[in-house]
Amino acid sequence: MIQNQVEYIDFIKRRLEQTEGLLSVKQQQINTLLQITEAVNQNMPSEALFKIFEYVLRTQLNIGKLMLLVFDDEWKLACAHNVSEEAQSIDPDMLQDYKELHFVQHGEYPVLNEFEIVISLVQKGRHVAFLLLGELFNKDVESKEEKLNFIKTITSIIVVSYENRRLAVQQVQKQILERELSLASEVQMMLIPQQPPSNGNIDISAIYLPHKEIGGDYYDVIDLSDQEIALVICDVSGKGISAGLLMANFQATLRTMIYKDLPLEQLVASLNTKLCDITKGDKHITLFLAIYNYETRLLRYINAGHNPSLLYNDGEVEELNSGCALLGIFDELPQIKIGEVYVKPGSLLFNYTDGLIEFENEDGLQFEVTQLSDFINANHDATAQPFNALLLDTIDKFKGDRPFMDDISILTCRFL
């Protein structure tokens with residue numbers, strides 16, 4: 001009887017010791033969670049969070065080997081302890097098929113031989129972190145499963161904090177970029193004449209529809225004197241910011257040089273030279289440049305690889321093709337041919353970029369140049385602005401729900 005009482009008392013003592021030990025472990029875990037949560041709430045740098053995480057795993061959870069990989073546009077090593085350089089260079093792609101908790105089998109991958117366990121963290125269907133653990137020294141008062149659950153908990157806190165911070169930075173960067181693009185678009189629109197001059201000699205209307213915030217199309221109308229006006233439309237290769245910057249540079253160069261009263265051939269040759277100096281042949285520009293004299297009614301032009309402008313004159317639609325190769329390809333243009341047309345009253349000049357015809361409707365058909373010619377023949381009596389509005393309405397009906405895939409610019413000139 002006494003022997004049984006002694007054994008019972010020893011049993012109770014051992015259970016009390018185990019309970020006290022387990023309480024101590026749980027209290028330490030609570031303190032650890034509070035420490036990590038406080039660090040997160042204080043918005044500590046990610047590097048500091050990872051150091052705290054490593055310290056907790058080493059000193060409080062007795063982890064002999066550890067390595068944390070996190071994703072930030074690409075995979076990077078967040079922290080490591082007692083791990084070989086070979087293991088630190090592990091390719092995370094080999095871990096992609098691992099579930100939330102993976103026990104490493106010997107010989108599975110030689111580079112994983114240092115580890116026992118891989119913990120995977122997944123957000124929105126993709127892996128955002130891998131924690132590799134080795135030499136897990138465990139206390140008797142706590143099961144290995146409980147310990148791993150706690151490790152997963154604190155890992156999730158650290159990685160989710162890091163991921164949220166990364167996404168927040170991306171969002172801020174996106175907002176900054178969107179604002180910069182909006183400002184750049186506003187500046188670009190300032191460079192393009194919003195109300196081209198119309199007078200008793202000529203009626204002009206223009207449309208500019210960039211495919212994105214920044215476009216590579218450019219048109220211009222420049223009064224050269226009381227007798228002459230320059231009409232310009234061009235298309236820069238590529239899209240987006242780079243095309244927009246080149247367009248702005250080309251416009252500034254053209255506006256500077258066109259007032260030097262150079263012969264048209266020399267002006268285009270000089271523009272080509274300037275463009276080659278800037279782009280080193282990596283970009284090119286198609287250009288239609290015409291100078292119209294009100295008194296003589298002579299239109300002199302150069303088409304540098306651009307879509308042929310269409311001139312309704314004396315009852316016919318003529319394609320204005322004379323010119324040279326597109327600009328920016330050759331250091332020196334091999335041949336330049338000036339086109340000259342006497343323009344009768346009531347004639348209409350239609351200039352456009354290829355975005356107007358290089359799209360497909362729902363039946364896979366393109367709006368071709370012949371259809372443009374037919375439209376001009378049918379509507380040549382309209383003034384410039386109604387002409388453009390009717391054309392866009394016709395194009396919109398033709399394309400249906402299919403979007404335009406390129407910038408579109410239109411410059412319509414009616415000669416009075």
# chains A, B, ... in the order shown; residues from 1 in each chain; ligands from 1
>>> residues_around(residues="A:Leu131", least_positions_apart="2", cutoff="10 Å", atoms="only C-alpha atoms", output="list in words")
Leu66, Met67, Leu68, Leu69, Val70, Ala78, Cys79, Ala80, Leu101, Ile117, Val118, Ile119, Ser120, Leu121, Ala129, Leu133, Ile151, Lys152 and Thr155 of chain A
>>> residues_around(residues="A:Met247", least_positions_apart="6", cutoff="12 Å", atoms="only C-alpha atoms", output="VMD selection string")
chain A and resid 188 to 189 191 to 192 214 to 220 233 to 241 253 to 254 275 278 to 279 283 to 287
>>> write_last_selection(atoms="C-alpha atoms", output="compact mmCIF listing (two decimals), in the first residue's frame")
# COMPACT_ATOMS: atom_id res chain seq x y z
CA GLN A 188 2.84 64.52 -75.36
CA MET A 189 -0.64 65.84 -76.09
CA LEU A 191 3.26 68.65 -78.40
CA ILE A 192 0.53 67.72 -80.87
CA ILE A 214 2.17 57.10 -74.72
CA GLY A 215 2.07 56.78 -78.50
CA GLY A 216 4.61 56.80 -81.29
CA ASP A 217 2.52 58.63 -83.86
CA TYR A 218 3.02 62.31 -84.60
CA TYR A 219 1.33 64.88 -86.79
CA ASP A 220 1.97 68.58 -87.09
CA ILE A 233 2.52 62.97 -90.21
CA CYS A 234 4.84 60.19 -89.08
CA ASP A 235 5.03 56.91 -87.21
CA VAL A 236 7.88 55.92 -84.88
CA SER A 237 8.77 52.23 -84.74
CA GLY A 238 7.82 50.54 -81.49
CA LYS A 239 5.37 51.61 -78.81
CA GLY A 240 5.28 53.07 -75.35
CA ILE A 241 7.68 55.44 -73.63
CA THR A 253 14.40 68.56 -84.49
CA LEU A 254 11.91 68.98 -87.33
CA LEU A 275 17.82 60.28 -86.39
CA ILE A 278 20.39 59.37 -81.99
CA THR A 279 19.19 55.80 -82.50
CA LYS A 283 14.71 52.74 -84.53
CA HIS A 284 13.14 54.11 -87.67
CA ILE A 285 10.45 56.61 -88.60
CA THR A 286 8.06 56.71 -91.52
CA LEU A 287 7.27 60.26 -92.59
>>> closest_atom_pairs(of="stretch 394-416 of chain A", to="stretch 374-386 of chain A", cutoff="8 Å", atoms="only C-alpha atoms", output="tab-separated table")
residue	atom	partner	partner_atom	distance
A:Thr412	CA	A:Ala384	CA	5.8
A:Cys413	CA	A:Ala384	CA	6.3
A:Arg414	CA	A:Ala384	CA	6.1
>>> closest_residue(among="A:Thr273, A:Ser373, A:Asn388, A:Asn303", to="A:Asp331", atoms="only C-alpha atoms")
A:Thr273
>>> residues_around(residues="stretch 45-54 of chain A", least_positions_apart="4", cutoff="12 Å", atoms="only C-alpha atoms", output="PyMOL selection string")
chain A and resi 32-33+35-41+58-70+72+77-82+131-133+151-166
>>> write_last_selection(atoms="C-alpha atoms", output="PDB file, in the first residue's frame")
ATOM      1  CA  THR A  32       8.307  34.731 -29.189  1.00  0.00           C
ATOM      2  CA  LEU A  33       5.055  35.433 -31.034  1.00  0.00           C
ATOM      3  CA  GLN A  35       8.319  39.638 -30.050  1.00  0.00           C
ATOM      4  CA  ILE A  36       7.870  38.849 -33.751  1.00  0.00           C
ATOM      5  CA  THR A  37       4.458  40.525 -33.941  1.00  0.00           C
ATOM      6  CA  GLU A  38       5.849  43.661 -32.289  1.00  0.00           C
ATOM      7  CA  ALA A  39       8.744  43.716 -34.774  1.00  0.00           C
ATOM      8  CA  VAL A  40       6.267  43.420 -37.660  1.00  0.00           C
ATOM      9  CA  ASN A  41       4.021  46.154 -36.240  1.00  0.00           C
ATOM     10  CA  ARG A  58      18.507  28.773 -33.362  1.00  0.00           C
ATOM     11  CA  THR A  59      18.368  29.777 -29.699  1.00  0.00           C
ATOM     12  CA  GLN A  60      14.804  29.197 -28.595  1.00  0.00           C
ATOM     13  CA  LEU A  61      13.765  26.276 -30.782  1.00  0.00           C
ATOM     14  CA  ASN A  62      17.169  24.546 -30.934  1.00  0.00           C
ATOM     15  CA  ILE A  63      17.295  24.234 -34.717  1.00  0.00           C
ATOM     16  CA  GLY A  64      20.812  23.262 -35.765  1.00  0.00           C
ATOM     17  CA  LYS A  65      20.493  24.003 -39.497  1.00  0.00           C
ATOM     18  CA  LEU A  66      18.105  26.345 -41.255  1.00  0.00           C
ATOM     19  CA  MET A  67      17.682  28.201 -44.520  1.00  0.00           C
ATOM     20  CA  LEU A  68      14.836  30.470 -45.622  1.00  0.00           C
ATOM     21  CA  LEU A  69      14.192  31.239 -49.304  1.00  0.00           C
ATOM     22  CA  VAL A  70      11.683  33.969 -50.222  1.00  0.00           C
ATOM     23  CA  ASP A  72      10.831  38.842 -54.554  1.00  0.00           C
ATOM     24  CA  LEU A  77      18.204  33.705 -49.655  1.00  0.00           C
ATOM     25  CA  ALA A  78      16.631  35.522 -46.688  1.00  0.00           C
ATOM     26  CA  CYS A  79      18.677  33.873 -43.935  1.00  0.00           C
ATOM     27  CA  ALA A  80      20.737  30.758 -43.258  1.00  0.00           C
ATOM     28  CA  HIS A  81      22.563  29.118 -40.348  1.00  0.00           C
ATOM     29  CA  ASN A  82      25.140  26.337 -40.370  1.00  0.00           C
ATOM     30  CA  LEU A 131      12.044  26.916 -45.019  1.00  0.00           C
ATOM     31  CA  LEU A 132      14.583  24.086 -44.890  1.00  0.00           C
ATOM     32  CA  LEU A 133      15.402  22.617 -41.458  1.00  0.00           C
ATOM     33  CA  ILE A 151       7.647  26.948 -36.584  1.00  0.00           C
ATOM     34  CA  LYS A 152       5.109  27.076 -39.429  1.00  0.00           C
ATOM     35  CA  THR A 153       3.156  29.720 -37.520  1.00  0.00           C
ATOM     36  CA  ILE A 154       6.056  32.101 -36.991  1.00  0.00           C
ATOM     37  CA  THR A 155       7.340  31.465 -40.520  1.00  0.00           C
ATOM     38  CA  SER A 156       3.939  32.423 -41.895  1.00  0.00           C
ATOM     39  CA  ILE A 157       3.931  35.640 -39.864  1.00  0.00           C
ATOM     40  CA  ILE A 158       7.375  36.643 -41.136  1.00  0.00           C
ATOM     41  CA  VAL A 159       6.771  35.658 -44.777  1.00  0.00           C
ATOM     42  CA  VAL A 160       3.265  37.140 -44.986  1.00  0.00           C
ATOM     43  CA  SER A 161       4.635  40.387 -43.561  1.00  0.00           C
ATOM     44  CA  TYR A 162       7.431  40.339 -46.122  1.00  0.00           C
ATOM     45  CA  GLU A 163       5.065  39.490 -48.967  1.00  0.00           C
ATOM     46  CA  ASN A 164       2.577  42.196 -47.979  1.00  0.00           C
ATOM     47  CA  ARG A 165       5.379  44.728 -47.795  1.00  0.00           C
ATOM     48  CA  ARG A 166       6.664  43.631 -51.210  1.00  0.00           C
TER      49      ARG A 166
END
>>> residues_around(residues="A:Ser89", least_positions_apart="3", cutoff="10 Å", atoms="only C-alpha atoms", output="ChimeraX atom specification")
/A:76-77,84-86,92,111
